[in-house]
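This report concerns only the one structure given below.
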Amino acid sequence: MTKSAAIPVVDEFESAEGLYLALGRIVEARDARTHGHCERLADYATALGISCDLEVADLITLYRGAFLHDIGKIAIPDRVLLKPSALTRREYALIKTHPAIGDELCRTVRSLDAVRGIVRHHHERLDGCGYPDGLAGDEIPLLAQIVTIVDVYDALTTTRPYRKAMSSSAAVGTMRGEAREGAYSTELVERFVGLIGSDALPPDPSSGPVSPDRIARLALPRKSRMAKSKSAASSGSPSSIC
């Protein structure tokens, strides 16, 4: 066997996806204050998706999309991304280009097509005041809405150049207030609040993209409870599952 024949052949799209996941980590590594942000968001989003009883395929998309949501920031210069003081209007306008840039990057990789809606729309708001497209209400994909909520929570509870980290309770209060004002889904916010501090939030992944098998295992307990709840309801038995 020749040396070249011994090298395993890797599908170009799987290889490209791995590269983009690595780029997501590179973006995060540029700012030590956001260490672990990608992993936390992927875990939070997956847990919230399980709470919403999403199918496993959607949970996998949610995990990958949450991990890659800020990949467009790779095109934002450090002088803007890491600026320790308030941004100028021009700098903020530049920051707001990162979802569209990330979408365009993901467009070049067929296996990432499903995450494009998350990457592009995770800064949209239900009231239409978000960016880059000013979508409103149900125009915003559900998976993007989920990532928006967990992204806001993680941002509020993490120290940033322009402010100190909030406590979890203060962040929840802020999110509830903004939901009442029409920015986010009140139902999704409350679902996430119910997960904070519980064992429903999965542990940090060791590295790389989560496997379909792992997500299926995370989803299985809730799926089983839901099935038992429906069975109990049909038989007239009481159940503690909503």
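Just remember, in the structure tokens the first chain shown is A, the second B, etc., residues are 1-based per chain, and ligands are 1-based in the order shown.
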* Close residues, range 89-93 of chain A itself excluded, 12 Å, only C-alpha atoms, min 3 positions apart in chain, as a VMD selection string -> chain A and resid 76 to 83 85 to 86 96 to 99 131 to 132
* Asked: Out of range 44-136 of chain A, which residues get helix (DSSP H, G or I) from DSSP, as an MDAnalysis selection string?
  -> chainID A and resid 44:51 56:68 71:75 78:81 89:95 98:107 110:121
* Write out as a PyMOL selection string the residues lying within 8 Å of Ala144 in chain A, counting only C-alpha atoms and excluding same-chain residues fewer than 4 positions away. => chain A and resi 117-119+121-122+140+148
* **Residues near range 41-48 of chain A, cut-off 6 Å, only C-alpha atoms, skip fewer than 3 positions along chain, as a VMD selection string** => chain A and resid 38 51 59 63 66 to 67 147 192 201 to 202
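Counting only C-alpha atoms and comparing A:Ile60, A:Leu112, A:Leu195, A:Cys52, the residue that lies closest to Leu19 in chain A is A:Leu112.
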* To do: Please provide as a ChimeraX atom specification all residues within 9 Å of Ala75 in chain A, with the sequence filter that same-chain residues fewer than 2 positions apart are discarded (counting only C-alpha atoms).
  => /A:71-73,77,98,101-102
Please save N, CA and C atoms of the selected residues as a CSV table (one decimal), in the first residue's frame.
```csv
chain,number,residue,atom,x,y,z
A,71,ILE,N,-20.0,33.7,13.2
A,71,ILE,CA,-18.8,33.5,12.4
A,71,ILE,C,-18.5,34.6,11.5
A,72,GLY,N,-19.5,35.5,11.2
A,72,GLY,CA,-19.3,36.6,10.3
A,72,GLY,C,-18.4,37.7,11.0
A,73,LYS,N,-18.2,37.6,12.3
A,73,LYS,CA,-17.3,38.5,13.0
A,73,LYS,C,-15.8,38.3,12.6
A,77,PRO,N,-12.7,44.0,11.9
A,77,PRO,CA,-11.4,44.3,12.4
A,77,PRO,C,-11.3,44.4,13.9
A,98,HIS,N,-22.2,41.6,10.4
A,98,HIS,CA,-21.7,40.3,10.6
A,98,HIS,C,-22.7,39.1,10.4
A,101,ILE,N,-22.6,38.6,6.6
A,101,ILE,CA,-21.3,38.1,6.2
A,101,ILE,C,-21.3,36.6,6.6
A,102,GLY,N,-21.7,36.2,7.8
A,102,GLY,CA,-21.8,34.9,8.2
A,102,GLY,C,-22.6,34.0,7.3
```
* To do: Could you give me, as a PyMOL selection string, the residues within 12 Å of Arg160 in chain A, counting only C-alpha atoms and dropping anything in the same chain fewer than 2 positions from it?
  => chain A and resi 31-35+81-86+154-158+162-166
Output N, CA and C atoms for every residue in the selection just made, as a CSV table (one decimal), in the first residue's frame.
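The file below, out-v2.csv, is the result:
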```csv
chain,number,residue,atom,x,y,z
A,31,ASP,N,-11.2,37.4,21.6
A,31,ASP,CA,-11.6,38.1,22.8
A,31,ASP,C,-11.7,37.2,24.0
A,32,ALA,N,-10.8,37.2,24.9
A,32,ALA,CA,-10.7,36.3,26.0
A,32,ALA,C,-12.0,36.4,26.9
A,33,ARG,N,-12.7,37.5,26.8
A,33,ARG,CA,-13.9,37.7,27.7
A,33,ARG,C,-15.1,36.9,27.2
A,34,THR,N,-15.0,36.4,25.9
A,34,THR,CA,-16.1,35.6,25.4
A,34,THR,C,-15.7,34.2,25.3
A,35,HIS,N,-14.7,33.7,26.1
A,35,HIS,CA,-14.3,32.3,26.1
A,35,HIS,C,-15.5,31.4,26.5
A,81,LEU,N,-14.1,45.3,16.9
A,81,LEU,CA,-14.6,44.2,17.6
A,81,LEU,C,-14.2,44.2,19.1
A,82,LEU,N,-12.9,44.6,19.3
A,82,LEU,CA,-12.3,44.6,20.7
A,82,LEU,C,-12.2,46.0,21.3
A,83,LYS,N,-12.9,47.0,20.7
A,83,LYS,CA,-12.8,48.4,21.2
A,83,LYS,C,-13.4,48.4,22.6
A,84,PRO,N,-12.6,49.0,23.6
A,84,PRO,CA,-13.0,49.0,25.0
A,84,PRO,C,-14.0,50.1,25.3
A,85,SER,N,-14.3,51.0,24.4
A,85,SER,CA,-15.2,52.1,24.7
A,85,SER,C,-16.4,52.0,23.7
A,86,ALA,N,-17.3,53.0,23.9
A,86,ALA,CA,-18.5,53.0,23.0
A,86,ALA,C,-18.1,53.0,21.6
A,154,ASP,N,-26.6,35.1,27.5
A,154,ASP,CA,-25.1,34.9,27.7
A,154,ASP,C,-24.4,36.2,27.6
A,155,ALA,N,-24.9,37.1,26.8
A,155,ALA,CA,-24.2,38.4,26.6
A,155,ALA,C,-24.4,39.2,27.9
A,156,LEU,N,-25.6,39.2,28.5
A,156,LEU,CA,-25.9,40.0,29.7
A,156,LEU,C,-25.2,39.4,30.9
A,157,THR,N,-24.9,38.1,31.0
A,157,THR,CA,-24.2,37.5,32.1
A,157,THR,C,-22.7,37.4,31.9
A,158,THR,N,-22.2,38.0,30.9
A,158,THR,CA,-20.8,38.0,30.6
A,158,THR,C,-20.2,39.4,30.6
A,162,TYR,N,-17.8,47.3,27.6
A,162,TYR,CA,-18.6,48.4,27.9
A,162,TYR,C,-19.5,48.3,29.2
A,163,ARG,N,-19.5,47.1,29.8
A,163,ARG,CA,-20.2,46.9,31.1
A,163,ARG,C,-19.8,45.6,31.7
A,164,LYS,N,-20.1,45.6,33.1
A,164,LYS,CA,-19.8,44.4,33.8
A,164,LYS,C,-21.0,43.4,33.6
A,165,ALA,N,-20.7,42.1,33.9
A,165,ALA,CA,-21.7,41.1,33.8
A,165,ALA,C,-22.8,41.3,34.8
A,166,MET,N,-24.0,41.0,34.4
A,166,MET,CA,-25.2,41.0,35.3
A,166,MET,C,-25.3,39.7,36.0
```
For Arg176 in chain A, please output as a PDB file with N, CA and C atoms, in the first residue's frame all residues within 8 Å (counting only C-alpha atoms; exclusion window: fewer than 2 positions along the same chain).
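Final output, saved to selection-v5.pdb:
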```pdb
ATOM      1  N   VAL A 172     -32.433  37.964  33.703  1.00  0.00           N
ATOM      2  CA  VAL A 172     -33.802  37.468  33.473  1.00  0.00           C
ATOM      3  C   VAL A 172     -34.800  38.617  33.520  1.00  0.00           C
ATOM      4  N   GLY A 173     -34.618  39.524  34.474  1.00  0.00           N
ATOM      5  CA  GLY A 173     -35.511  40.679  34.564  1.00  0.00           C
ATOM      6  C   GLY A 173     -35.448  41.547  33.319  1.00  0.00           C
ATOM      7  N   THR A 174     -34.231  41.770  32.817  1.00  0.00           N
ATOM      8  CA  THR A 174     -34.058  42.556  31.599  1.00  0.00           C
ATOM      9  C   THR A 174     -34.726  41.873  30.405  1.00  0.00           C
ATOM     10  N   GLU A 178     -37.841  43.247  28.059  1.00  0.00           N
ATOM     11  CA  GLU A 178     -37.734  43.431  26.615  1.00  0.00           C
ATOM     12  C   GLU A 178     -38.738  42.557  25.873  1.00  0.00           C
ATOM     13  N   ALA A 179     -39.049  41.387  26.417  1.00  0.00           N
ATOM     14  CA  ALA A 179     -40.073  40.534  25.803  1.00  0.00           C
ATOM     15  C   ALA A 179     -41.446  41.202  25.894  1.00  0.00           C
ATOM     16  N   ARG A 180     -41.735  41.798  27.048  1.00  0.00           N
ATOM     17  CA  ARG A 180     -43.020  42.497  27.200  1.00  0.00           C
ATOM     18  C   ARG A 180     -43.126  43.668  26.220  1.00  0.00           C
ATOM     19  N   THR A 186     -42.322  35.971  24.562  1.00  0.00           N
ATOM     20  CA  THR A 186     -42.452  35.792  26.009  1.00  0.00           C
ATOM     21  C   THR A 186     -42.455  34.316  26.369  1.00  0.00           C
ATOM     22  N   VAL A 189     -38.866  33.001  26.223  1.00  0.00           N
ATOM     23  CA  VAL A 189     -38.099  33.534  27.350  1.00  0.00           C
ATOM     24  C   VAL A 189     -38.435  32.770  28.624  1.00  0.00           C
ATOM     25  N   GLU A 190     -39.728  32.555  28.877  1.00  0.00           N
ATOM     26  CA  GLU A 190     -40.131  31.858  30.103  1.00  0.00           C
ATOM     27  C   GLU A 190     -39.696  30.401  30.089  1.00  0.00           C
TER      28      GLU A 190
END
```
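Here CA of Gly49 in chain A is placed at a distance of 15.5 Å from CA of Ala114 in chain A.
Separating CA of Arg116 in chain A from CA of Gly18 in chain A is a distance of 15.9 Å.
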